[in-house]
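Student: I have a structure I would like to understand better, so I am pasting it below and will then ask my questions one at a time.
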Amino acid sequence: MKTFKGNVLFLDRSDINTDEIIPAKYLTEITKEALKPNLLEDLVLPGFSRADTEDKAVIVTRENFGCGSSREHAPWALEVNGINVVIAESFARIFRQNMYNCGMFAIELPKETIDGLFANYAGKAVTMAVDVDGNQIIIQADGKSETIDFKVGEFDQTLVKEGGWVGYADKNY
């Protein structure tokens, strides 16, 4: 099973699309590793730099993350950079499912909760961990800890535990 914990990258914008996650010009790459240096290179966000993704494992963002095309390369680019959890108000449907198909978390939280995460933690050194079985996010910053419950479908949770569709199929077929 992948690791679902680490430092957090806050991206305070809605509608971050798959072309901003990994530009279309890299879709001819045949390995995930080839996508690694180009994650979020076209993202325009005040104060954001590609260097901000270094040693991050979790992204917290706003609504409709992963909109645009249905390319699987977007979750792959996150995964190869060690980002296995994205937390947002909502996701584009196909992107969300591609995350689970790859054995990664796309966790939806209410707007009020996301607003609270930005208000309380953005700009700070924050780590988060996902308790896969307990459906909880554990946040640590400034020597304090907070726990947030979340819901995920049973099958999506199984995909995460099995490492995605390939792991699930290997075990069950």
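Following the order of the structure tokens, chains are lettered A, B, ..., residues in each are numbered from 1, and ligands are numbered from 1.
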How close does range 44-139 of chain A get to range 9-14 of chain A? List, as a Markdown table, each residue of range 44-139 of chain A within 10 Å, its nearest atom pair and the distance in Å to one decimal, counting only C-alpha atoms.
Tutor:
| residue | atom | partner | partner_atom | distance |
| --- | --- | --- | --- | --- |
| A:Val44 | CA | A:Arg13 | CA | 9.6 |
| A:Leu45 | CA | A:Arg13 | CA | 7.6 |
| A:Pro46 | CA | A:Asp12 | CA | 9.3 |
| A:Phe48 | CA | A:Leu11 | CA | 8.2 |
| A:Asp52 | CA | A:Leu9 | CA | 7.2 |
| A:Thr53 | CA | A:Leu9 | CA | 6.8 |
| A:Glu54 | CA | A:Leu9 | CA | 9.2 |
| A:Asp55 | CA | A:Leu9 | CA | 9.3 |
| A:Lys56 | CA | A:Leu9 | CA | 6.1 |
| A:Ala57 | CA | A:Leu9 | CA | 7.8 |
| A:Val58 | CA | A:Leu9 | CA | 6.2 |
| A:Ile59 | CA | A:Leu9 | CA | 4.8 |
| A:Val60 | CA | A:Phe10 | CA | 4.9 |
| A:Thr61 | CA | A:Leu11 | CA | 4.9 |
| A:Arg62 | CA | A:Ser14 | CA | 4.7 |
| A:Glu63 | CA | A:Ser14 | CA | 4.8 |
| A:Asn64 | CA | A:Ser14 | CA | 6.1 |
| A:Phe65 | CA | A:Ser14 | CA | 6.6 |
| A:Gly66 | CA | A:Ser14 | CA | 9.7 |
| A:Cys67 | CA | A:Ser14 | CA | 9.7 |
| A:Ile83 | CA | A:Leu9 | CA | 9.5 |
| A:Val86 | CA | A:Leu9 | CA | 9.5 |
| A:Ile87 | CA | A:Phe10 | CA | 9.7 |
| A:Ala88 | CA | A:Ser14 | CA | 9.0 |
| A:Glu89 | CA | A:Ser14 | CA | 9.0 |
| A:Ser90 | CA | A:Ser14 | CA | 9.3 |
| A:Phe91 | CA | A:Ser14 | CA | 9.8 |
| A:Ile114 | CA | A:Asp12 | CA | 9.9 |
| A:Asp115 | CA | A:Asp12 | CA | 9.7 |
| A:Leu117 | CA | A:Phe10 | CA | 9.1 |
| A:Phe118 | CA | A:Phe10 | CA | 7.5 |
| A:Tyr121 | CA | A:Phe10 | CA | 8.7 |
| A:Ala122 | CA | A:Phe10 | CA | 6.1 |
| A:Gly123 | CA | A:Phe10 | CA | 7.9 |
| A:Lys124 | CA | A:Phe10 | CA | 9.7 |
| A:Ala125 | CA | A:Leu9 | CA | 9.4 |
| A:Val126 | CA | A:Leu9 | CA | 8.5 |
| A:Thr127 | CA | A:Leu9 | CA | 9.4 |
Student: Would you compute the distance between CA of Met104 in chain A and CA of Ala141 in chain A? Give it in Å to one decimal.
Tutor: 23.4 Å
Student: Nearest to Phe105 in chain A among A:Lys32, A:Lys2, A:Arg93, A:Arg71, with distances taken over only C-alpha atoms: which residue is it?
Tutor: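 Nearest candidate to Phe105 in chain A out of A:Lys32, A:Lys2, A:Arg93, A:Arg71: A:Lys2.
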Student: Once DSSP has gone over the backbone, tell me which residues of range 4-168 of chain A are in strand (DSSP E or B), as an NGL selection string.
Tutor: :A and (5-11 or 17 or 56-61 or 65 or 67 or 85-88 or 91 or 105-108 or 127-131 or 136-141 or 144-149)
Student: Any chance you could list, as a PyMOL selection string, the residues in range 30-139 of chain A that come up helix (DSSP H, G or I) when DSSP is run on the backbone?
Tutor: chain A and resi 33-38+50-53+73-80+93-101+111-121
Student: Determine the nearest neighbour of Ile16 in chain A from the options A:Phe95, A:Thr3, A:His73, A:Glu33, counting only C-alpha atoms.
Tutor: A:Phe95
Student: Just give me the gap between CA of Asn84 in chain A and CA of Phe4 in chain A in Å, one decimal is fine.
Tutor: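 Answer for the CA of Asn84 in chain A to CA of Phe4 in chain A separation: 6.1 Å.
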Student: With a distance cut-off of 12 Å and only C-alpha atoms, select the neighbouring residues of Ser145 in chain A, excluding the residue or stretch itself and same-chain residues fewer than 2 positions from it, and output the selection as a ChimeraX atom specification.
Tutor: /A:120-121,126-129,137-143,147-148
Student: Write out as a list of chain:residue names the residues lying within 9 Å of Asn98 in chain A, counting only C-alpha atoms and excluding same-chain residues fewer than 2 positions away.
Tutor: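 These residues fall inside the cut-off: A:Ser70, A:Arg71, A:Glu72, A:Ala74, A:Pro75, A:Arg93, A:Ile94, A:Phe95, A:Arg96, A:Tyr100, A:Asn101, A:Cys102, A:Gly103, A:Met104.
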Student: Restricted to N, CA and C atoms, what would the selected residues look like written as a PDB file, in the first residue's frame?
Tutor:
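Once written, out.pdb looks like this:
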ATOM      1  N   SER A  70      -9.693  13.824 -19.602  1.00  0.00           N
ATOM      2  CA  SER A  70      -9.773  12.622 -18.766  1.00  0.00           C
ATOM      3  C   SER A  70      -8.438  11.897 -18.652  1.00  0.00           C
ATOM      4  N   ARG A  71      -7.364  12.568 -18.961  1.00  0.00           N
ATOM      5  CA  ARG A  71      -6.054  11.904 -18.991  1.00  0.00           C
ATOM      6  C   ARG A  71      -5.647  11.314 -17.644  1.00  0.00           C
ATOM      7  N   GLU A  72      -5.150  10.108 -17.715  1.00  0.00           N
ATOM      8  CA  GLU A  72      -4.643   9.418 -16.532  1.00  0.00           C
ATOM      9  C   GLU A  72      -3.276   9.968 -16.115  1.00  0.00           C
ATOM     10  N   ALA A  74      -2.464  12.872 -15.282  1.00  0.00           N
ATOM     11  CA  ALA A  74      -2.524  13.838 -14.179  1.00  0.00           C
ATOM     12  C   ALA A  74      -2.299  13.145 -12.827  1.00  0.00           C
ATOM     13  N   PRO A  75      -3.043  12.086 -12.498  1.00  0.00           N
ATOM     14  CA  PRO A  75      -2.719  11.375 -11.254  1.00  0.00           C
ATOM     15  C   PRO A  75      -1.320  10.760 -11.272  1.00  0.00           C
ATOM     16  N   ARG A  93     -15.233  14.386 -12.106  1.00  0.00           N
ATOM     17  CA  ARG A  93     -15.597  12.983 -11.901  1.00  0.00           C
ATOM     18  C   ARG A  93     -14.529  12.008 -12.399  1.00  0.00           C
ATOM     19  N   ILE A  94     -14.067  12.194 -13.612  1.00  0.00           N
ATOM     20  CA  ILE A  94     -13.104  11.241 -14.181  1.00  0.00           C
ATOM     21  C   ILE A  94     -11.758  11.338 -13.466  1.00  0.00           C
ATOM     22  N   PHE A  95     -11.311  12.553 -13.146  1.00  0.00           N
ATOM     23  CA  PHE A  95     -10.054  12.693 -12.411  1.00  0.00           C
ATOM     24  C   PHE A  95     -10.144  11.972 -11.074  1.00  0.00           C
ATOM     25  N   ARG A  96     -11.251  12.194 -10.365  1.00  0.00           N
ATOM     26  CA  ARG A  96     -11.442  11.554  -9.066  1.00  0.00           C
ATOM     27  C   ARG A  96     -11.303  10.037  -9.194  1.00  0.00           C
ATOM     28  N   TYR A 100      -8.461   7.072  -7.654  1.00  0.00           N
ATOM     29  CA  TYR A 100      -8.734   5.802  -6.967  1.00  0.00           C
ATOM     30  C   TYR A 100      -8.242   4.620  -7.789  1.00  0.00           C
ATOM     31  N   ASN A 101      -8.411   4.680  -9.115  1.00  0.00           N
ATOM     32  CA  ASN A 101      -7.924   3.596  -9.970  1.00  0.00           C
ATOM     33  C   ASN A 101      -6.412   3.403  -9.836  1.00  0.00           C
ATOM     34  N   CYS A 102      -5.711   4.476  -9.484  1.00  0.00           N
ATOM     35  CA  CYS A 102      -4.257   4.413  -9.278  1.00  0.00           C
ATOM     36  C   CYS A 102      -3.896   4.126  -7.819  1.00  0.00           C
ATOM     37  N   GLY A 103      -4.907   3.909  -6.977  1.00  0.00           N
ATOM     38  CA  GLY A 103      -4.648   3.598  -5.578  1.00  0.00           C
ATOM     39  C   GLY A 103      -4.320   4.815  -4.735  1.00  0.00           C
ATOM     40  N   MET A 104      -4.834   5.967  -5.142  1.00  0.00           N
ATOM     41  CA  MET A 104      -4.570   7.231  -4.463  1.00  0.00           C
ATOM     42  C   MET A 104      -5.872   7.789  -3.896  1.00  0.00           C
TER      43      MET A 104
END
Student: Calculated over only C-alpha atoms, which of the candidates A:Leu40, A:Val8, A:Leu159, A:Ala106 has the smallest distance to Val85 in chain A?
Tutor: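 Among the listed residues, the smallest separation from Val85 in chain A belongs to A:Ala106.
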Student: Kindly give the distance, in Å, that separates CA of Glu29 in chain A and CA of Asp42 in chain A, rounded to a single decimal.
Tutor: 17.2 Å
Student: Between A:Ala119, A:Val80, A:Asp156, A:Thr18, which residue has the minimum interatomic distance to Asn135 in chain A, considering only C-alpha atoms?
Tutor: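 Checking each candidate against Asn135 in chain A, we get A:Asp156 as the closest.
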